[in-house]
Structure formats: C-alpha cells, structure tokens
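S.K.: Quick one, structure20.txt (compact mmCIF, C-alpha atoms and all ligand atoms):
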```txt
# COMPACT_ATOMS: atom_id res chain seq x y z
CA MET Z 1 134.08 83.40 66.10
CA ALA Z 2 134.27 82.41 69.73
CA ARG Z 3 135.27 85.66 71.44
CA ARG Z 4 136.11 84.05 74.75
CA ARG Z 5 135.53 80.98 76.82
CA GLN Z 6 132.34 80.62 78.82
CA ILE Z 7 133.11 79.46 82.35
CA TYR Z 8 129.62 79.16 83.79
CA GLU Z 9 126.02 80.01 82.93
CA GLY Z 10 123.63 80.74 85.76
CA LYS Z 11 120.00 81.79 85.77
CA ALA Z 12 120.58 85.52 85.41
CA LYS Z 13 124.27 85.81 84.53
CA ILE Z 14 127.02 84.25 82.45
CA LEU Z 15 130.68 84.19 83.46
CA PHE Z 16 133.34 84.36 80.77
CA GLU Z 17 137.08 84.09 81.00
CA GLY Z 18 138.50 87.56 81.69
CA PRO Z 19 141.22 89.43 79.80
CA GLU Z 20 143.88 88.66 82.43
CA PRO Z 21 144.44 85.62 84.66
CA GLY Z 22 142.42 85.85 87.84
CA THR Z 23 139.66 87.91 86.21
CA LEU Z 24 136.24 87.04 84.83
CA VAL Z 25 133.66 88.92 82.80
CA GLN Z 26 130.22 88.85 84.40
CA TYR Z 27 127.44 89.23 81.79
CA PHE Z 28 123.95 90.19 83.00
CA LYS Z 29 121.05 88.54 81.16
CA ASP Z 30 117.41 89.66 80.99
CA ASP Z 31 116.29 86.16 82.04
CA ALA Z 32 114.39 85.87 85.29
CA THR Z 33 113.54 82.77 87.27
CA ALA Z 34 111.67 82.24 90.51
CA PHE Z 35 110.54 79.44 92.80
CA ASN Z 36 113.64 77.34 92.12
CA ASN Z 37 113.32 77.62 88.34
CA GLN Z 38 109.62 76.74 88.12
CA LYS Z 39 108.73 80.20 86.85
CA LYS Z 40 110.75 81.57 83.96
CA GLY Z 41 110.54 84.80 82.04
CA VAL Z 42 112.35 87.72 80.52
CA ILE Z 43 112.45 91.20 81.99
CA THR Z 44 113.50 93.41 79.09
CA GLY Z 45 116.44 95.59 80.00
CA LYS Z 46 116.92 93.99 83.43
CA GLY Z 47 120.50 92.94 82.68
CA VAL Z 48 121.51 96.48 81.77
CA LEU Z 49 119.94 97.91 84.93
CA ASN Z 50 121.30 95.22 87.27
CA ASN Z 51 124.79 95.70 85.82
CA ARG Z 52 124.58 99.42 86.69
CA ILE Z 53 122.88 98.97 90.05
CA SER Z 54 125.31 96.30 91.19
CA GLU Z 55 128.28 98.36 89.95
CA TYR Z 56 127.03 101.33 91.96
CA LEU Z 57 126.35 99.41 95.18
CA MET Z 58 129.58 97.37 95.04
CA THR Z 59 131.57 100.58 94.42
CA CYS Z 60 129.93 102.30 97.41
CA LEU Z 61 130.64 99.26 99.58
CA GLY Z 62 134.25 99.21 98.38
CA GLU Z 63 134.54 102.85 99.42
CA ILE Z 64 133.57 102.01 103.00
CA GLY Z 65 136.14 99.20 103.11
CA ILE Z 66 134.11 96.12 102.20
CA PRO Z 67 136.28 94.01 99.90
CA THR Z 68 134.37 92.97 96.75
CA HIS Z 69 135.06 91.04 93.56
CA PHE Z 70 134.03 94.05 91.44
CA VAL Z 71 136.75 95.66 89.31
CA ARG Z 72 134.93 97.85 86.77
CA ARG Z 73 131.99 97.94 84.43
CA LEU Z 74 132.98 97.13 80.85
CA ASN Z 75 129.84 97.95 78.90
CA MET Z 76 126.03 97.93 79.16
CA ARG Z 77 125.77 94.30 80.23
CA GLU Z 78 129.24 93.29 81.41
CA GLN Z 79 131.54 93.94 84.30
CA LEU Z 80 135.05 92.81 85.05
CA VAL Z 81 135.36 90.94 88.35
CA ARG Z 82 138.08 89.12 90.25
CA GLU Z 83 137.88 85.36 89.98
CA VAL Z 84 136.95 83.94 93.37
CA GLU Z 85 136.11 80.54 94.77
CA ILE Z 86 132.44 80.92 95.60
CA ILE Z 87 131.46 79.77 99.09
CA PRO Z 88 128.34 77.65 98.42
CA ILE Z 89 126.17 79.57 100.87
CA GLU Z 90 123.51 82.23 100.29
CA VAL Z 91 123.47 84.72 103.14
CA VAL Z 92 120.03 86.25 103.60
CA ILE Z 93 119.72 89.33 105.80
CA ARG Z 94 116.24 90.35 106.88
CA ASN Z 95 114.98 93.59 108.42
CA VAL Z 96 111.26 93.14 107.80
CA VAL Z 97 109.23 89.91 107.51
CA ALA Z 98 108.60 88.89 103.88
CA GLY Z 99 108.78 85.99 101.45
CA SER Z 100 109.80 82.60 102.78
CA LEU Z 101 110.10 83.87 106.37
CA ALA Z 102 106.48 85.04 106.32
CA LYS Z 103 105.44 81.62 105.00
CA ARG Z 104 107.56 79.58 107.39
CA PHE Z 105 106.15 81.22 110.51
CA ALA Z 106 102.74 82.30 109.15
CA MET Z 107 103.62 85.92 109.82
CA GLU Z 108 102.30 88.94 108.06
CA GLU Z 109 104.59 90.46 105.43
CA GLY Z 110 105.73 93.91 106.44
CA THR Z 111 106.23 93.24 110.16
CA ALA Z 112 109.44 94.99 111.23
CA LEU Z 113 111.89 92.70 113.02
CA PRO Z 114 113.22 93.83 116.41
CA ARG Z 115 116.71 92.94 115.18
CA SER Z 116 118.07 91.91 111.82
CA ILE Z 117 118.05 88.17 111.15
CA VAL Z 118 120.84 86.48 109.23
CA GLU Z 119 120.02 83.15 107.58
CA PHE Z 120 122.16 80.76 105.55
CA CYS Z 121 121.03 78.55 102.67
CA TYR Z 122 123.12 75.89 100.99
CA LYS Z 123 123.39 76.68 97.27
CA SER Z 124 121.89 73.68 95.52
CA ASP Z 125 119.17 73.82 92.87
CA GLU Z 126 118.51 70.07 93.23
CA MET Z 127 117.86 70.45 96.96
CA GLY Z 128 116.03 73.77 96.60
CA ASP Z 129 118.61 75.84 98.52
CA PRO Z 130 117.86 74.38 101.98
CA LEU Z 131 118.15 76.55 105.07
CA VAL Z 132 121.23 75.49 107.03
CA SER Z 133 122.80 76.46 110.35
CA GLU Z 134 126.37 77.51 111.11
CA GLU Z 135 126.88 73.97 112.41
CA HIS Z 136 126.09 72.44 109.01
CA ILE Z 137 128.35 74.93 107.27
CA THR Z 138 131.36 74.22 109.46
CA ALA Z 139 130.71 70.47 109.88
CA PHE Z 140 130.43 69.94 106.12
CA GLY Z 141 133.47 72.15 105.51
CA TRP Z 142 131.69 74.73 103.35
CA ALA Z 143 133.35 77.47 105.41
CA ALA Z 144 135.60 77.56 108.48
CA PRO Z 145 134.25 79.07 111.72
CA GLN Z 146 136.50 82.14 111.35
CA ASP Z 147 135.35 82.60 107.72
CA LEU Z 148 131.77 82.47 108.88
CA ASP Z 149 132.44 85.07 111.59
CA GLU Z 150 133.89 87.34 108.94
CA ILE Z 151 130.96 86.74 106.58
CA MET Z 152 128.50 87.52 109.37
CA ALA Z 153 130.30 90.73 110.40
CA MET Z 154 130.56 91.90 106.77
CA SER Z 155 126.90 91.07 106.10
CA LEU Z 156 125.69 93.13 109.06
CA ARG Z 157 127.89 96.06 108.04
CA ILE Z 158 126.59 95.83 104.46
CA ASN Z 159 123.04 95.73 105.82
CA ASP Z 160 123.57 98.86 107.93
CA PHE Z 161 125.13 100.72 105.04
CA LEU Z 162 122.59 99.68 102.39
CA THR Z 163 119.62 100.28 104.72
CA GLY Z 164 120.74 103.90 105.08
CA LEU Z 165 121.60 104.30 101.41
CA PHE Z 166 118.18 103.07 100.29
CA LEU Z 167 116.33 105.01 102.97
CA GLY Z 168 117.94 108.15 101.54
CA ILE Z 169 116.15 107.50 98.23
CA GLY Z 170 112.81 106.59 99.80
CA LEU Z 171 113.21 102.81 99.77
CA LYS Z 172 113.01 100.30 102.61
CA LEU Z 173 115.52 97.44 102.40
CA ILE Z 174 113.26 94.58 103.51
CA ASP Z 175 115.69 91.71 102.94
CA PHE Z 176 118.47 90.69 100.57
CA LYS Z 177 120.82 87.90 99.62
CA LEU Z 178 124.62 88.02 99.49
CA GLU Z 179 127.27 85.63 98.26
CA PHE Z 180 130.90 85.58 99.23
CA GLY Z 181 134.02 84.11 97.68
CA ARG Z 182 137.61 83.32 98.56
CA LEU Z 183 140.21 85.43 96.83
CA TRP Z 184 143.76 84.08 96.82
CA GLU Z 185 146.57 86.63 96.71
CA ASN Z 186 150.19 85.53 97.27
CA GLU Z 187 149.26 82.49 99.34
CA GLN Z 188 146.90 84.66 101.42
CA MET Z 189 143.15 84.12 101.40
CA ARG Z 190 140.64 86.94 101.76
CA ILE Z 191 136.88 86.67 101.85
CA VAL Z 192 135.23 89.12 99.49
CA LEU Z 193 131.68 90.02 98.54
CA ALA Z 194 130.82 88.45 95.16
CA ASP Z 195 127.89 87.91 92.78
CA GLU Z 196 125.56 90.94 92.53
CA ILE Z 197 123.36 93.25 94.55
CA SER Z 198 120.29 94.29 92.59
CA PRO Z 199 116.47 94.23 92.69
CA ASP Z 200 116.84 90.53 91.74
CA SER Z 201 118.43 89.84 95.11
CA CYS Z 202 116.87 92.53 97.34
CA ARG Z 203 113.35 93.36 98.43
CA LEU Z 204 112.84 97.11 98.18
CA TRP Z 205 109.59 98.80 99.16
CA ASP Z 206 108.69 102.45 98.69
CA VAL Z 207 108.83 104.14 102.09
CA LYS Z 208 105.54 106.01 101.65
CA THR Z 209 103.36 103.59 99.69
CA ASN Z 210 105.02 100.20 100.39
CA GLU Z 211 104.97 99.60 96.65
CA LYS Z 212 107.29 96.72 95.76
CA LEU Z 213 110.19 97.74 93.50
CA ASP Z 214 111.95 94.40 93.11
CA LYS Z 215 111.70 90.87 91.72
CA ASP Z 216 108.52 90.17 93.68
CA ARG Z 217 106.75 92.07 90.86
CA PHE Z 218 107.84 89.20 88.58
CA ARG Z 219 107.38 86.40 91.15
CA ARG Z 220 103.85 87.53 91.96
CA ASP Z 221 102.78 88.81 88.53
CA LEU Z 222 102.29 92.35 89.79
CA GLY Z 223 103.15 93.93 86.42
CA ASN Z 224 105.44 96.88 85.62
CA VAL Z 225 108.52 94.81 86.41
CA GLU Z 226 110.90 96.70 84.10
CA GLU Z 227 109.54 100.00 85.39
CA ALA Z 228 110.27 98.98 88.98
CA TYR Z 229 113.93 98.17 88.22
CA GLN Z 230 114.19 101.44 86.28
CA GLU Z 231 112.73 103.36 89.20
CA VAL Z 232 115.38 101.93 91.56
CA ALA Z 233 118.12 102.94 89.09
CA ARG Z 234 116.52 106.36 88.61
CA ARG Z 235 116.40 107.02 92.36
CA LEU Z 236 120.03 105.92 92.66
CA GLY Z 237 120.77 108.49 89.95
CA ILE Z 238 122.26 105.92 87.59
CA LEU Z 239 119.63 105.33 84.90
CA PRO Z 240 121.58 104.78 81.66
CA GLU Z 241 120.92 107.82 79.52
CA SER Z 242 120.05 105.87 76.43
CA GLY Z 243 117.41 103.88 78.31
CA PRO Z 244 117.49 100.32 79.53
CA ARG Z 245 117.77 98.60 76.14
CA ASP Z 246 121.09 97.77 74.55
CA MET Z 247 122.01 99.49 71.35
CA PRO Z 248 118.69 101.12 70.53
CA GLY Z 249 120.18 101.93 67.11
CA PRO Z 250 120.40 105.30 65.49
CA GLU Z 251 117.38 107.53 65.75
CA THR Z 252 115.61 107.95 62.46
CA MET Z 253 115.96 111.51 61.29
CA GLN Z 254 112.95 112.96 59.55
N1 LIG D 301 116.96 85.65 97.33
C1 LIG D 301 117.79 85.58 96.23
N2 LIG D 301 118.06 84.36 95.67
C2 LIG D 301 117.56 83.22 96.15
C3 LIG D 301 116.72 83.28 97.28
C4 LIG D 301 116.44 84.51 97.84
O1 LIG D 301 118.28 86.61 95.76
O2 LIG D 301 117.86 82.13 95.61
C5 LIG D 301 116.67 86.96 97.95
C6 LIG D 301 115.25 87.41 97.69
O3 LIG D 301 115.20 88.25 96.55
C7 LIG D 301 114.91 88.16 98.94
C8 LIG D 301 115.75 87.49 100.04
O4 LIG D 301 116.79 86.81 99.36
O5 LIG D 301 115.32 89.52 98.82
C9 LIG D 301 114.95 86.54 100.89
O6 LIG D 301 114.28 85.62 100.08
P1 LIG D 301 113.28 84.55 100.69
O7 LIG D 301 114.03 83.60 101.56
O8 LIG D 301 112.13 85.25 101.31
O9 LIG D 301 112.84 83.66 99.48
P2 LIG D 301 111.80 83.91 98.31
O10 LIG D 301 110.59 84.52 98.90
O11 LIG D 301 112.55 84.78 97.36
O12 LIG D 301 111.60 82.52 97.79
```
Take the structure in this file and express it as structure tokens.

M.R.:
Amino acid sequence: MARRRQIYEGKAKILFEGPEPGTLVQYFKDDATAFNNQKKGVITGKGVLNNRISEYLMTCLGEIGIPTHFVRRLNMREQLVREVEIIPIEVVIRNVVAGSLAKRFAMEEGTALPRSIVEFCYKSDEMGDPLVSEEHITAFGWAAPQDLDEIMAMSLRINDFLTGLFLGIGLKLIDFKLEFGRLWENEQMRIVLADEISPDSCRLWDVKTNEKLDKDRFRRDLGNVEEAYQEVARRLGILPESGPRDMPGPETMQ
C-alpha cells in the first residue's frame, strides 16, 4: 500500500507529501555520498541521528528568531517541515580553512580565518555545484539582491550562534552548509532556513584533540563514522535512548 506520495529523493533524504497542504515529511536515510556522488556508502544509524541533531539545532535557531522550515519531529527518521521553494544555492560559511578551500588555495587545513567567509555554490549535480558570486545569483535570477542580503545576514547570525553552541560542548565549528527556501504565506514571501544541519553538512572538530566528528570520517575513510555522529548527538544531550538503530526489536528475555 502506498502510504503517501514521494515528492523528491535526494542523496541523504526523501521528501514525502505531508499530512496537510503546505507541509512535507522529510525522511532521513543512512545513505552517504561524497565527491559529487563518486563515493557512496551507508552509515548505519546516521538518518536517526541526523533527524535528532537537525531537530535540535533548528529548534534552538527558531528560539533565537531564525525562521526555519522545521515543524516537529514525527518519529526516529522523519520530521514534519513546511513546504518551501528551495533557492538553488548552497551557502557555505567557513571559520577555519578546510576541505575545498584548503585545496583551492593550497592552504593548510586548520588555519583559523581572520573573519568568517561566506561562499555560494549553485546547486547542480551535473555541474558539480560550481562556486558562484552574488552577481551570478542575481543576474541569473536565482535570488533577488534583497533576498541575498537577508540570506547573508541570517547565515552570519546562525554561524555566531552555532559556533558558541558547539564550543560549549567541546567542538569547533570549522565550516558548514546551509540552504534556504521561500515560504509563501497570504501573498507574503519569507525566506526561511531549510534542509538540515547535521554532521553531514558541518565540519566539527574536537576542541582539544582536533579529532574530526563529521562526514570527513566517511569522505576520507577515517573509520568510526557512526561513532562520530553518535558522539555529536551525545554531547548535545540528545542521543536516542534506544540507540541509533530503528526498531531494535524486543530484547530477548532469558
Ligand atoms: N557541504 C555540504 N554539501 C555539499 C558541499 C559541502 O554539506 O554539497 C558542507 C561540507 O560538509 C563542509 C562545508 O559544506 O562542512 C564546506 O565544504 P567544502 O566546500 O570544503 O567541500 P568538500 O570538502 O565537502 O567537498
């Protein structure tokens, strides 16, 4: 029996039609991809953890006045979200040199930046998410200049807030990616934070040891990938009590 209509399937999530108009159900998979789909794998329990982590972070951001698409978590792997028109731009905020920035400028990973850098990439798998400037975004009509100003201001505020939040649990927020969407409410448009915030989309390093607790463990075959995601959830105080796996089944009684 088809329970509901699938709207979209991405690399790590599936979107289903929601219970009411204007809502969607966001389902978190265990699938992981890297390097524009060239590397594929499964991180057992990742979907459950990312659902919780993203719920927690989006809720905290909502509490400080950042509008988000998040409504509520429905179960281990699903959350209810508002249906938005996704702006086809990935906003990357960087505090410390890592990943593609380190490569592009032959810089050493781990170098602190004197000020946070905001970058934009056009969301296109075929083109490999090319880096674009504000000029491209406005000239091609992906977002209006005033939308982009709002996105930039929100991104910096989110960065300040999350940097402090993670520092409080012994993690450095190296860089992360955000996506925004347009929410229409009685002819009025608002830009809201969408997608997810999780160790799939953030680089998080332990403050003391610089150990990586994010998707780089998968990208770079560092091992203990599940454990790293669990550790982030544990430090946030949100590790699901029954463990990261769905429906572990009843415990056998001896
Ligand atoms: N990122 C993401 N999705 C992408 C590209 C990047 O979530 O499609 C995140 C990534 O996890 C990191 C930040 O954005 O936290 C910066 O990524 P970078 O540009 O260094 O690219 P990468 O090294 O991941 O290829």

S.K.: Could you list, as a ChimeraX atom specification, all residues that come within 7 Å of ligand LIG 301 (chain D)? Count all atoms listed in the file.

M.R.: /Z:35,92,98-101,129,175-177,200-203,215

S.K.: What is the atom CA of Z:Arg94 to atom CA of Z:Val118 distance in Å?

M.R.: 6.5 Å

S.K.: Of the candidates Z:Leu178, Z:Val232, Z:Leu15, Z:Ile93, which one gets nearest to Z:Glu196 if we count only C-alpha atoms?

M.R.: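 Counting only C-alpha atoms, the residue closest to Z:Glu196 is Z:Leu178.
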
S.K.: Just give me the gap between atom CA of Z:Leu236 and atom CA of Z:Glu109 in Å, one decimal is fine.

M.R.: 25.3 Å

S.K.: What's the 10 Å shell around Z:Lys208, counting all atoms listed in the file, without same-chain residues fewer than 6 positions away, as a ChimeraX atom specification?

M.R.: /Z:170-172

S.K.: Determine, counting only C-alpha atoms, which protein, DNA and RNA residues have an atom within 7 Å of an atom of stretch 2-13 of chain Z; residues of the same chain fewer than 2 positions away are not included. Present the result as a ChimeraX atom specification.

M.R.: /Z:15-17,26-33

S.K.: Rounded to one decimal, what separation in Å do you get between atom CA of Z:Asn95 and atom CA of Z:Pro114?

M.R.: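 If I compute the distance from atom CA of Z:Asn95 to atom CA of Z:Pro114, I get 8.2 Å.
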
S.K.: Could you give me, as a ChimeraX atom specification, the residues within 12 Å of stretch 61-70 of chain Z, counting only C-alpha atoms and dropping anything in the same chain fewer than 2 positions from it?

M.R.: /Z:22-26,51-52,54-59,72-74,78-86,150-151,153-162,165,178-184,190-197

S.K.: Using only the atoms of stretch 76-93 of chain Z listed in the file, plus 5 Å on each side, state the axis-aligned box centre and edge lengths in Å rounded to one decimal, as JSON.

M.R.:
```
{"center_x": 128.9, "center_y": 87.8, "center_z": 92.5, "size_x": 28.4, "size_y": 30.3, "size_z": 36.6}
```

S.K.: Hey, what's within 6 Å of Z:Val97 if we count only C-alpha atoms and toss same-chain stuff fewer than 2 positions away? As a ChimeraX atom specification, please?

M.R.: /Z:102,109-111

S.K.: Kindly indicate which residue among Z:Gly18, Z:Leu204, Z:Val225, Z:Gln230 lies nearest to Z:Val71, using all atoms listed in the file for the distances.

M.R.: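 Of all the options, Z:Gly18 lies closest to Z:Val71.
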